[in-house]
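Colleague: Take a look at this one; I'll ask things after.
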Amino acid sequence: MRNSEIKIQERINYLLPVLNERQRRIYLATEAKTYGYGGVSLVSRLSNISRPTITQGAKDIGSTIESLPRSRKSGGGRKPVHEKYKGILKDLESLIEPLTIGDPMSPLRWTVKSTRNLSEELQAMGYKVSHTAVSDMLKLLNYSLQSTRKRHEGGTHPDRNRQFEYINGSCERHIRTAQPVISVDTKKKEQIGNYKNPGKSLQKAKQPTEVEVYDFAKDKAVPFGVYDLKVNEGFVNVGINYDTSAFAVESIRRWWYNMGREKYQSSTSLLITADGGGSNGYRRKLWKTELQKFANETGLSINVCHFPPGTSKWNKIEHRLCSHITMNWQGKPLESYETVVNLISSTKTRKGLRVKAILDENVYEKGIKVPDKELESINIFRHAFHGDWNYTIKPIIA
């Protein structure tokens, strides 16, 4: 007798005496099925039970629970807590949602609503209930742990949707005529050094990267991104001090000379889609004067379309470039500027995104005042629809 057969014989000798007739059939059919081909004959020989009996056990396994004889009479067993205490579900819900049901000054209104806290409050009301029973009742009431969801944007501008349509139409026209269209934005500042970066990365088990306890970095990276909508390429200019309008336009300039000019050699205009605020906001005077310098330098007509207030998340660079950069370096300390540049440059997606990054060591001053005379010299043409959000700055030919 083989070793596997000996083990089956031992299990049969141990279990059969304590099982009833139906349980024996099901157990022996399970052993036969587990053994595989020839299992029914083997188990029949070892247990001295007929093959038809074991075959019937296989049918019992495939039957529904309702068709099998019950081991306990219908209605037996302990009653659920919500059946024992008729008002407990209503009282439980009043603790969870006190603003709409029950007393708004309930102690649970201002504390963590864990199952243990809820069970203690219900016990104070006279119910004998455990935290596990509370968990079961919460499922019955269709409650589950959920995080908040960003959905409400607050007050919206009356021309919000029309501006979206205007931006979309402008992008389509420029792409159709082989003119470059870019989406720009500044990513949040990143601390340079051996500091914690949110997220997780693959490491040897129980060997996490050890970083500083306190985050007091002296050096910070300021990534300004430029995303080319037509070719699915990104460019990131990594600054070392402040996010100013001069830095924003310099980032666009660097994109043009490093990537854009070669792809759009015959272009005469550039369309920029940008947020309504920040260093590239529509109210920034320095933003417009720097764009004028860029237009004069390249000979391009610079068309700008700003997103309405409170809609920056709709800017394509947010979810087509910035989000992928964040995922690429999650859980990795940004120990140096070189690390930041390399991690950004290695960002790729399955849809073909390619990114180039360079370090900008220029120092940009904050609080630069633009004289009215310089502002008046800008060769700006405001569009018929919302000229404050949509405008063209044309080069000044000397």
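By order in the structure tokens, chains are A, B, ...; within a chain, residues start at 1; ligands start at 1, following the order shown.
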Quick one: contact table of region 279-364 of chain A to region 256-261 of chain A, 10 Å max, nearest atom pair and distance in Å to one decimal per residue, counting only C-alpha atoms, chain and number order, as a Markdown table?
Modeller:
| residue | atom | partner | partner_atom | distance |
| --- | --- | --- | --- | --- |
| A:Thr298 | CA | A:Trp256 | CA | 9.1 |
| A:Lys356 | CA | A:Met259 | CA | 8.7 |
| A:Ile358 | CA | A:Asn258 | CA | 9.8 |
Colleague: Just to be explicit: take each residue in the selection above, keep N, CA, C and O atoms, and write the result as an mmCIF file, in the first residue's frame.
Modeller:
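See again.cif below for the written result:
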data_model
loop_
_atom_site.group_PDB
_atom_site.id
_atom_site.type_symbol
_atom_site.label_atom_id
_atom_site.label_comp_id
_atom_site.auth_asym_id
_atom_site.auth_seq_id
_atom_site.Cartn_x
_atom_site.Cartn_y
_atom_site.Cartn_z
ATOM 1 N N THR A 298 11.085 84.611 -30.479
ATOM 2 C CA THR A 298 10.822 83.459 -31.352
ATOM 3 C C THR A 298 10.045 83.811 -32.612
ATOM 4 O O THR A 298 10.019 83.027 -33.561
ATOM 5 N N LYS A 356 10.976 64.720 -20.673
ATOM 6 C CA LYS A 356 12.344 65.211 -20.560
ATOM 7 C C LYS A 356 12.389 66.239 -19.443
ATOM 8 O O LYS A 356 11.482 67.069 -19.322
ATOM 9 N N ILE A 358 15.052 68.971 -17.100
ATOM 10 C CA ILE A 358 16.346 69.614 -16.933
ATOM 11 C C ILE A 358 16.317 70.452 -15.664
ATOM 12 O O ILE A 358 15.245 70.815 -15.166
#
Colleague: Could you produce a table of the residues of region 323-392 of chain A lying within 9 Å of region 226-234 of chain A, with the nearest pair of atoms per residue and their separation in Å rounded to one decimal, using only C-alpha atoms, ordered by chain and increasing residue number, as a tab-separated table?
Modeller:
residue	atom	partner	partner_atom	distance
A:Lys351	CA	A:Asn232	CA	8.5
A:Gly352	CA	A:Asn232	CA	7.1
A:Leu353	CA	A:Asn232	CA	5.4
A:Arg354	CA	A:Glu233	CA	5.1
A:Val355	CA	A:Gly234	CA	4.5
A:Lys356	CA	A:Gly234	CA	6.3
A:Ala357	CA	A:Gly234	CA	8.4
Colleague: Output N, CA, C and O atoms for every residue in that selection, as an mmCIF file, in the first residue's frame.
Modeller:
data_model
loop_
_atom_site.group_PDB
_atom_site.id
_atom_site.type_symbol
_atom_site.label_atom_id
_atom_site.label_comp_id
_atom_site.auth_asym_id
_atom_site.auth_seq_id
_atom_site.Cartn_x
_atom_site.Cartn_y
_atom_site.Cartn_z
ATOM 1 N N LYS A 351 0.595 54.323 -22.674
ATOM 2 C CA LYS A 351 0.073 55.046 -23.830
ATOM 3 C C LYS A 351 1.148 55.851 -24.555
ATOM 4 O O LYS A 351 0.849 56.618 -25.456
ATOM 5 N N GLY A 352 2.396 55.682 -24.128
ATOM 6 C CA GLY A 352 3.492 56.272 -24.883
ATOM 7 C C GLY A 352 4.018 57.593 -24.386
ATOM 8 O O GLY A 352 4.778 58.266 -25.096
ATOM 9 N N LEU A 353 3.664 58.019 -23.177
ATOM 10 C CA LEU A 353 4.170 59.290 -22.652
ATOM 11 C C LEU A 353 5.680 59.228 -22.493
ATOM 12 O O LEU A 353 6.228 58.268 -21.954
ATOM 13 N N ARG A 354 6.346 60.274 -22.958
ATOM 14 C CA ARG A 354 7.775 60.427 -22.761
ATOM 15 C C ARG A 354 8.021 61.807 -22.158
ATOM 16 O O ARG A 354 7.379 62.778 -22.535
ATOM 17 N N VAL A 355 8.964 61.860 -21.211
ATOM 18 C CA VAL A 355 9.205 63.109 -20.484
ATOM 19 C C VAL A 355 10.692 63.440 -20.495
ATOM 20 O O VAL A 355 11.539 62.560 -20.332
ATOM 21 N N LYS A 356 10.976 64.720 -20.673
ATOM 22 C CA LYS A 356 12.344 65.211 -20.560
ATOM 23 C C LYS A 356 12.389 66.239 -19.443
ATOM 24 O O LYS A 356 11.482 67.069 -19.322
ATOM 25 N N ALA A 357 13.418 66.187 -18.620
ATOM 26 C CA ALA A 357 13.546 67.125 -17.505
ATOM 27 C C ALA A 357 14.955 67.699 -17.476
ATOM 28 O O ALA A 357 15.936 67.015 -17.790
#
Colleague: Skip region 184-195 of chain A itself and residues of its chain fewer than 6 positions away, then list as a ChimeraX atom specification all residues within 8 Å of it, counting only C-alpha atoms.
Modeller: /A:211-215,217-227,243,248,272-275,280,317-318,322,333-337
Colleague: If you keep N, CA and C atoms, can you produce a file of those selected residues as an mmCIF file, in the first residue's frame?
Modeller:
data_model
loop_
_atom_site.group_PDB
_atom_site.id
_atom_site.type_symbol
_atom_site.label_atom_id
_atom_site.label_comp_id
_atom_site.auth_asym_id
_atom_site.auth_seq_id
_atom_site.Cartn_x
_atom_site.Cartn_y
_atom_site.Cartn_z
ATOM 1 N N VAL A 211 14.625 57.242 6.623
ATOM 2 C CA VAL A 211 14.722 58.664 6.297
ATOM 3 C C VAL A 211 14.694 59.498 7.574
ATOM 4 N N GLU A 212 14.877 60.800 7.424
ATOM 5 C CA GLU A 212 14.881 61.700 8.572
ATOM 6 C C GLU A 212 13.504 61.731 9.237
ATOM 7 N N VAL A 213 13.509 61.882 10.555
ATOM 8 C CA VAL A 213 12.254 61.945 11.306
ATOM 9 C C VAL A 213 11.542 63.264 11.055
ATOM 10 N N TYR A 214 12.294 64.363 11.028
ATOM 11 C CA TYR A 214 11.704 65.684 10.848
ATOM 12 C C TYR A 214 12.033 66.234 9.461
ATOM 13 N N ASP A 215 11.029 66.851 8.832
ATOM 14 C CA ASP A 215 11.194 67.388 7.476
ATOM 15 C C ASP A 215 11.466 68.890 7.540
ATOM 16 N N ALA A 217 13.738 70.661 5.291
ATOM 17 C CA ALA A 217 14.679 70.765 4.178
ATOM 18 C C ALA A 217 14.993 72.221 3.843
ATOM 19 N N LYS A 218 16.262 72.466 3.604
ATOM 20 C CA LYS A 218 16.671 73.802 3.167
ATOM 21 C C LYS A 218 16.474 73.969 1.659
ATOM 22 N N ASP A 219 16.707 72.907 0.928
ATOM 23 C CA ASP A 219 16.596 72.956 -0.534
ATOM 24 C C ASP A 219 15.280 72.340 -0.986
ATOM 25 N N LYS A 220 14.660 72.987 -1.955
ATOM 26 C CA LYS A 220 13.408 72.478 -2.510
ATOM 27 C C LYS A 220 13.441 72.561 -4.031
ATOM 28 N N ALA A 221 12.774 71.595 -4.650
ATOM 29 C CA ALA A 221 12.669 71.575 -6.109
ATOM 30 C C ALA A 221 11.306 72.115 -6.520
ATOM 31 N N VAL A 222 11.308 72.928 -7.578
ATOM 32 C CA VAL A 222 10.065 73.521 -8.092
ATOM 33 C C VAL A 222 9.885 73.043 -9.531
ATOM 34 N N PRO A 223 9.136 71.950 -9.755
ATOM 35 C CA PRO A 223 8.966 71.444 -11.117
ATOM 36 C C PRO A 223 7.847 72.188 -11.862
ATOM 37 N N PHE A 224 8.195 72.794 -12.980
ATOM 38 C CA PHE A 224 7.192 73.420 -13.854
ATOM 39 C C PHE A 224 7.068 72.559 -15.092
ATOM 40 N N GLY A 225 5.837 72.079 -15.347
ATOM 41 C CA GLY A 225 5.625 71.149 -16.437
ATOM 42 C C GLY A 225 5.018 71.781 -17.673
ATOM 43 N N VAL A 226 5.421 71.255 -18.825
ATOM 44 C CA VAL A 226 4.858 71.643 -20.124
ATOM 45 C C VAL A 226 4.458 70.347 -20.827
ATOM 46 N N TYR A 227 3.179 70.231 -21.153
ATOM 47 C CA TYR A 227 2.684 69.003 -21.793
ATOM 48 C C TYR A 227 2.198 69.309 -23.199
ATOM 49 N N ASP A 243 8.605 79.968 -7.537
ATOM 50 C CA ASP A 243 7.722 79.805 -8.691
ATOM 51 C C ASP A 243 7.165 81.174 -9.067
ATOM 52 N N ALA A 248 8.029 80.675 -14.965
ATOM 53 C CA ALA A 248 7.042 79.971 -15.789
ATOM 54 C C ALA A 248 7.332 80.163 -17.276
ATOM 55 N N ILE A 272 -1.279 78.197 -25.505
ATOM 56 C CA ILE A 272 -0.981 77.777 -24.132
ATOM 57 C C ILE A 272 -2.283 77.713 -23.350
ATOM 58 N N THR A 273 -2.575 76.564 -22.760
ATOM 59 C CA THR A 273 -3.711 76.471 -21.833
ATOM 60 C C THR A 273 -3.134 76.430 -20.422
ATOM 61 N N ALA A 274 -3.657 77.274 -19.543
ATOM 62 C CA ALA A 274 -3.077 77.429 -18.206
ATOM 63 C C ALA A 274 -4.167 77.669 -17.181
ATOM 64 N N ASP A 275 -3.830 77.456 -15.915
ATOM 65 C CA ASP A 275 -4.762 77.760 -14.831
ATOM 66 C C ASP A 275 -5.022 79.254 -14.768
ATOM 67 N N ASN A 280 1.256 81.582 -13.574
ATOM 68 C CA ASN A 280 0.779 81.805 -14.947
ATOM 69 C C ASN A 280 -0.673 82.280 -14.959
ATOM 70 N N ILE A 317 -2.600 68.721 -18.151
ATOM 71 C CA ILE A 317 -1.285 68.372 -17.616
ATOM 72 C C ILE A 317 -1.380 67.690 -16.262
ATOM 73 N N GLU A 318 -2.473 67.979 -15.536
ATOM 74 C CA GLU A 318 -2.630 67.407 -14.195
ATOM 75 C C GLU A 318 -2.691 65.888 -14.231
ATOM 76 N N CYS A 322 1.602 65.255 -14.564
ATOM 77 C CA CYS A 322 1.973 65.399 -13.146
ATOM 78 C C CYS A 322 1.648 64.157 -12.328
ATOM 79 N N PRO A 333 12.887 58.687 -1.414
ATOM 80 C CA PRO A 333 13.376 60.002 -0.979
ATOM 81 C C PRO A 333 14.088 60.717 -2.119
ATOM 82 N N LEU A 334 13.805 61.993 -2.284
ATOM 83 C CA LEU A 334 14.433 62.791 -3.346
ATOM 84 C C LEU A 334 15.707 63.408 -2.774
ATOM 85 N N GLU A 335 16.776 62.644 -2.815
ATOM 86 C CA GLU A 335 17.988 63.010 -2.093
ATOM 87 C C GLU A 335 18.763 64.153 -2.730
ATOM 88 N N SER A 336 18.562 64.389 -4.026
ATOM 89 C CA SER A 336 19.304 65.455 -4.704
ATOM 90 C C SER A 336 18.499 65.948 -5.897
ATOM 91 N N TYR A 337 18.926 67.085 -6.455
ATOM 92 C CA TYR A 337 18.272 67.594 -7.657
ATOM 93 C C TYR A 337 18.451 66.622 -8.817
#
Colleague: Write out as an MDAnalysis selection string each polymer residue whose atoms come within 12 Å of Lys7 (chain A), counting only C-alpha atoms; drop sequence neighbours fewer than 4 positions from it.
Modeller: chainID A and resid 1:3 11:14 31 35 43 46
Colleague: How about saving the chosen residues, C-alpha atoms kept, as a CSV table (one decimal), in the first residue's frame?
Modeller:
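Result file is out-v5.csv:
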chain,number,residue,atom,x,y,z
A,1,MET,CA,0.0,0.0,0.0
A,2,ARG,CA,1.4,3.4,-1.0
A,3,ASN,CA,2.0,6.2,1.5
A,11,ARG,CA,-8.4,9.4,8.1
A,12,ILE,CA,-11.2,7.0,7.3
A,13,ASN,CA,-10.6,4.9,10.4
A,14,TYR,CA,-10.6,8.1,12.5
A,31,GLU,CA,-11.7,11.8,-0.4
A,35,TYR,CA,-7.6,11.4,-5.0
A,43,VAL,CA,-12.1,4.6,-1.1
A,46,LEU,CA,-10.5,1.1,2.1
Colleague: Can you check which residues of region 302-345 of chain A DSSP gives as helix (DSSP H, G or I) on the backbone and send them as a ChimeraX atom specification?
Modeller: /A:312-314,316-328,337-345
Colleague: Please dump the current selection as an mmCIF file, in the first residue's frame; keep N, CA, C and O atoms.
Modeller:
data_model
loop_
_atom_site.group_PDB
_atom_site.id
_atom_site.type_symbol
_atom_site.label_atom_id
_atom_site.label_comp_id
_atom_site.auth_asym_id
_atom_site.auth_seq_id
_atom_site.Cartn_x
_atom_site.Cartn_y
_atom_site.Cartn_z
ATOM 1 N N SER A 312 -8.882 74.088 -11.986
ATOM 2 C CA SER A 312 -7.517 73.712 -12.376
ATOM 3 C C SER A 312 -7.367 72.211 -12.592
ATOM 4 O O SER A 312 -6.502 71.768 -13.348
ATOM 5 N N LYS A 313 -8.209 71.406 -11.931
ATOM 6 C CA LYS A 313 -8.085 69.953 -12.084
ATOM 7 C C LYS A 313 -8.433 69.488 -13.498
ATOM 8 O O LYS A 313 -8.117 68.367 -13.879
ATOM 9 N N TRP A 314 -9.087 70.362 -14.282
ATOM 10 C CA TRP A 314 -9.436 69.995 -15.655
ATOM 11 C C TRP A 314 -8.291 70.257 -16.630
ATOM 12 O O TRP A 314 -8.357 69.863 -17.790
ATOM 13 N N LYS A 316 -5.247 69.513 -18.588
ATOM 14 C CA LYS A 316 -4.817 68.174 -19.003
ATOM 15 C C LYS A 316 -3.472 67.767 -18.425
ATOM 16 O O LYS A 316 -3.214 66.577 -18.221
ATOM 17 N N ILE A 317 -2.600 68.721 -18.151
ATOM 18 C CA ILE A 317 -1.285 68.372 -17.616
ATOM 19 C C ILE A 317 -1.380 67.690 -16.262
ATOM 20 O O ILE A 317 -0.530 66.893 -15.887
ATOM 21 N N GLU A 318 -2.473 67.979 -15.536
ATOM 22 C CA GLU A 318 -2.630 67.407 -14.195
ATOM 23 C C GLU A 318 -2.691 65.888 -14.231
ATOM 24 O O GLU A 318 -2.029 65.210 -13.456
ATOM 25 N N HIS A 319 -3.521 65.334 -15.120
ATOM 26 C CA HIS A 319 -3.695 63.887 -15.137
ATOM 27 C C HIS A 319 -2.947 63.183 -16.250
ATOM 28 O O HIS A 319 -2.914 61.949 -16.290
ATOM 29 N N ARG A 320 -2.328 63.938 -17.147
ATOM 30 C CA ARG A 320 -1.555 63.299 -18.218
ATOM 31 C C ARG A 320 -0.049 63.341 -17.975
ATOM 32 O O ARG A 320 0.699 62.609 -18.620
ATOM 33 N N LEU A 321 0.398 64.207 -17.069
ATOM 34 C CA LEU A 321 1.835 64.312 -16.808
ATOM 35 C C LEU A 321 2.139 64.284 -15.306
ATOM 36 O O LEU A 321 2.816 63.382 -14.823
ATOM 37 N N CYS A 322 1.602 65.255 -14.564
ATOM 38 C CA CYS A 322 1.973 65.399 -13.146
ATOM 39 C C CYS A 322 1.648 64.157 -12.328
ATOM 40 O O CYS A 322 2.437 63.739 -11.479
ATOM 41 N N SER A 323 0.489 63.562 -12.559
ATOM 42 C CA SER A 323 0.098 62.392 -11.768
ATOM 43 C C SER A 323 1.048 61.230 -11.997
ATOM 44 O O SER A 323 1.369 60.476 -11.066
ATOM 45 N N HIS A 324 1.532 61.063 -13.223
ATOM 46 C CA HIS A 324 2.441 59.955 -13.524
ATOM 47 C C HIS A 324 3.820 60.191 -12.915
ATOM 48 O O HIS A 324 4.493 59.236 -12.505
ATOM 49 N N ILE A 325 4.242 61.450 -12.833
ATOM 50 C CA ILE A 325 5.509 61.757 -12.166
ATOM 51 C C ILE A 325 5.422 61.382 -10.696
ATOM 52 O O ILE A 325 6.332 60.776 -10.134
ATOM 53 N N THR A 326 4.313 61.738 -10.062
ATOM 54 C CA THR A 326 4.122 61.425 -8.640
ATOM 55 C C THR A 326 4.159 59.925 -8.404
ATOM 56 O O THR A 326 4.777 59.445 -7.442
ATOM 57 N N MET A 327 3.496 59.145 -9.268
ATOM 58 C CA MET A 327 3.495 57.693 -9.113
ATOM 59 C C MET A 327 4.884 57.108 -9.330
ATOM 60 O O MET A 327 5.247 56.106 -8.710
ATOM 61 N N ASN A 328 5.677 57.720 -10.190
ATOM 62 C CA ASN A 328 6.991 57.181 -10.515
ATOM 63 C C ASN A 328 7.963 57.292 -9.349
ATOM 64 O O ASN A 328 8.842 56.448 -9.190
ATOM 65 N N TYR A 337 18.926 67.085 -6.455
ATOM 66 C CA TYR A 337 18.272 67.594 -7.657
ATOM 67 C C TYR A 337 18.451 66.622 -8.817
ATOM 68 O O TYR A 337 17.567 66.465 -9.663
ATOM 69 N N GLU A 338 19.613 65.968 -8.850
ATOM 70 C CA GLU A 338 19.866 64.988 -9.909
ATOM 71 C C GLU A 338 18.864 63.840 -9.820
ATOM 72 O O GLU A 338 18.375 63.339 -10.841
ATOM 73 N N THR A 339 18.529 63.425 -8.578
ATOM 74 C CA THR A 339 17.534 62.366 -8.395
ATOM 75 C C THR A 339 16.183 62.784 -8.948
ATOM 76 O O THR A 339 15.496 62.014 -9.618
ATOM 77 N N VAL A 340 15.784 64.031 -8.662
ATOM 78 C CA VAL A 340 14.503 64.543 -9.148
ATOM 79 C C VAL A 340 14.465 64.541 -10.673
ATOM 80 O O VAL A 340 13.500 64.051 -11.291
ATOM 81 N N VAL A 341 15.522 65.060 -11.297
ATOM 82 C CA VAL A 341 15.579 65.134 -12.759
ATOM 83 C C VAL A 341 15.544 63.741 -13.374
ATOM 84 O O VAL A 341 14.826 63.484 -14.350
ATOM 85 N N ASN A 342 16.309 62.810 -12.810
ATOM 86 C CA ASN A 342 16.362 61.450 -13.365
ATOM 87 C C ASN A 342 15.035 60.723 -13.218
ATOM 88 O O ASN A 342 14.594 60.006 -14.129
ATOM 89 N N LEU A 343 14.380 60.877 -12.052
ATOM 90 C CA LEU A 343 13.103 60.199 -11.847
ATOM 91 C C LEU A 343 12.023 60.757 -12.767
ATOM 92 O O LEU A 343 11.191 60.017 -13.284
ATOM 93 N N ILE A 344 12.029 62.076 -12.967
ATOM 94 C CA ILE A 344 11.054 62.670 -13.890
ATOM 95 C C ILE A 344 11.317 62.200 -15.318
ATOM 96 O O ILE A 344 10.394 61.835 -16.049
ATOM 97 N N SER A 345 12.580 62.181 -15.703
ATOM 98 C CA SER A 345 12.935 61.795 -17.075
ATOM 99 C C SER A 345 12.606 60.338 -17.366
ATOM 100 O O SER A 345 12.405 59.968 -18.531
#
Colleague: Give me the residues within 10 Å of Ala32 (chain A) as a list in words, counting only C-alpha atoms and dropping any in the same chain fewer than 6 places off.
Modeller: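 Contacts, with the query itself left out: Ile8, Ile26, Gly38, Gly39, Val40, Ser41, Leu42, Val43, Ser44, Ile54, Thr55 and Ala58 of chain A.
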Colleague: Among region 33-262 of chain A, which residues does DSSP mark as strand (DSSP E) when it is run on the backbone? Keep the chain and numbering as in the structure and answer as a PyMOL selection string.
Modeller: chain A and resi 181-186+190-191+220-228+233-239
Colleague: In Å to one decimal, how far is CA of Asp159 (chain A) from CA of Pro180 (chain A)?
Modeller: 25.9 Å
Colleague: Just want the 8 Å neighbourhood of region 267-269 of chain A, counted on only C-alpha atoms, with same-chain residues fewer than 3 positions away dropped. Output as a short mmCIF file (atom, residue, chain, number, x, y, z; two decimals) with N, CA and C atoms, in the first residue's frame.
Modeller:
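around39.cif was written with the following content:
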data_model
loop_
_atom_site.label_atom_id
_atom_site.label_comp_id
_atom_site.auth_asym_id
_atom_site.auth_seq_id
_atom_site.Cartn_x
_atom_site.Cartn_y
_atom_site.Cartn_z
N ALA A 178 -1.54 72.19 -37.57
CA ALA A 178 -0.15 71.81 -37.24
C ALA A 178 0.56 72.86 -36.40
N GLN A 179 -0.18 73.56 -35.56
CA GLN A 179 0.40 74.52 -34.63
C GLN A 179 0.49 73.87 -33.24
N PRO A 180 1.55 74.13 -32.48
CA PRO A 180 1.72 73.49 -31.18
C PRO A 180 0.69 73.96 -30.15
N TYR A 264 7.97 71.57 -34.59
CA TYR A 264 7.06 72.53 -35.23
C TYR A 264 7.87 73.63 -35.93
N GLY A 299 9.38 84.97 -32.61
CA GLY A 299 8.54 85.34 -33.74
C GLY A 299 7.19 84.64 -33.73
N LEU A 300 6.86 83.97 -32.65
CA LEU A 300 5.59 83.27 -32.54
C LEU A 300 4.51 84.18 -31.97
N SER A 301 3.28 84.00 -32.45
CA SER A 301 2.13 84.62 -31.81
C SER A 301 1.70 83.71 -30.66
N ILE A 302 1.67 84.25 -29.46
CA ILE A 302 1.38 83.45 -28.27
C ILE A 302 -0.09 83.59 -27.91
N ASN A 303 -0.84 82.53 -28.12
CA ASN A 303 -2.26 82.51 -27.75
C ASN A 303 -2.39 81.85 -26.38
#
Colleague: Choose the residue, out of A:Lys263, A:His306, A:Lys90, A:His157, that has the smallest atom-to-atom separation from Arg283 (chain A); count only C-alpha atoms.
Modeller: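 When distances to Arg283 (chain A) are compared using only C-alpha atoms, the smallest one comes from A:His306.
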Colleague: Between CA of Arg25 (chain A) and CA of Gly57 (chain A), what is the distance in Å, rounded to a tenth?
Modeller: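 Rounded to one decimal, the two atoms are 4.3 Å apart.
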Colleague: Write out as a list in words the residues lying within 12 Å of His386 (chain A), counting only C-alpha atoms and excluding same-chain residues fewer than 2 positions away.
Modeller: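 Listed by chain and then number, they are His157, Pro158, Asp159, Arg160, Arg162, Gln163, Phe164, Tyr166, Ile167, Tyr282, Val304, Cys305, His306, Phe307, Pro308, Phe381, Arg382, His383, Ala384, Asp388, Trp389, Asn390 and Tyr391 of chain A.
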Colleague: Of the residues A:Asp360, A:Glu365, A:Glu21, A:Glu97, which is the one nearest to Ile240 (chain A), using only C-alpha atoms?
Modeller: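 Ranked by minimum distance to Ile240 (chain A), first place goes to A:Asp360.
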Colleague: In Å, rounded to a single decimal, give me how far CA of Gly239 (chain A) is from CA of Lys373 (chain A).
Modeller: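 Atom-to-atom, CA of Lys373 (chain A) and CA of Gly239 (chain A) are spaced 29.6 Å apart.
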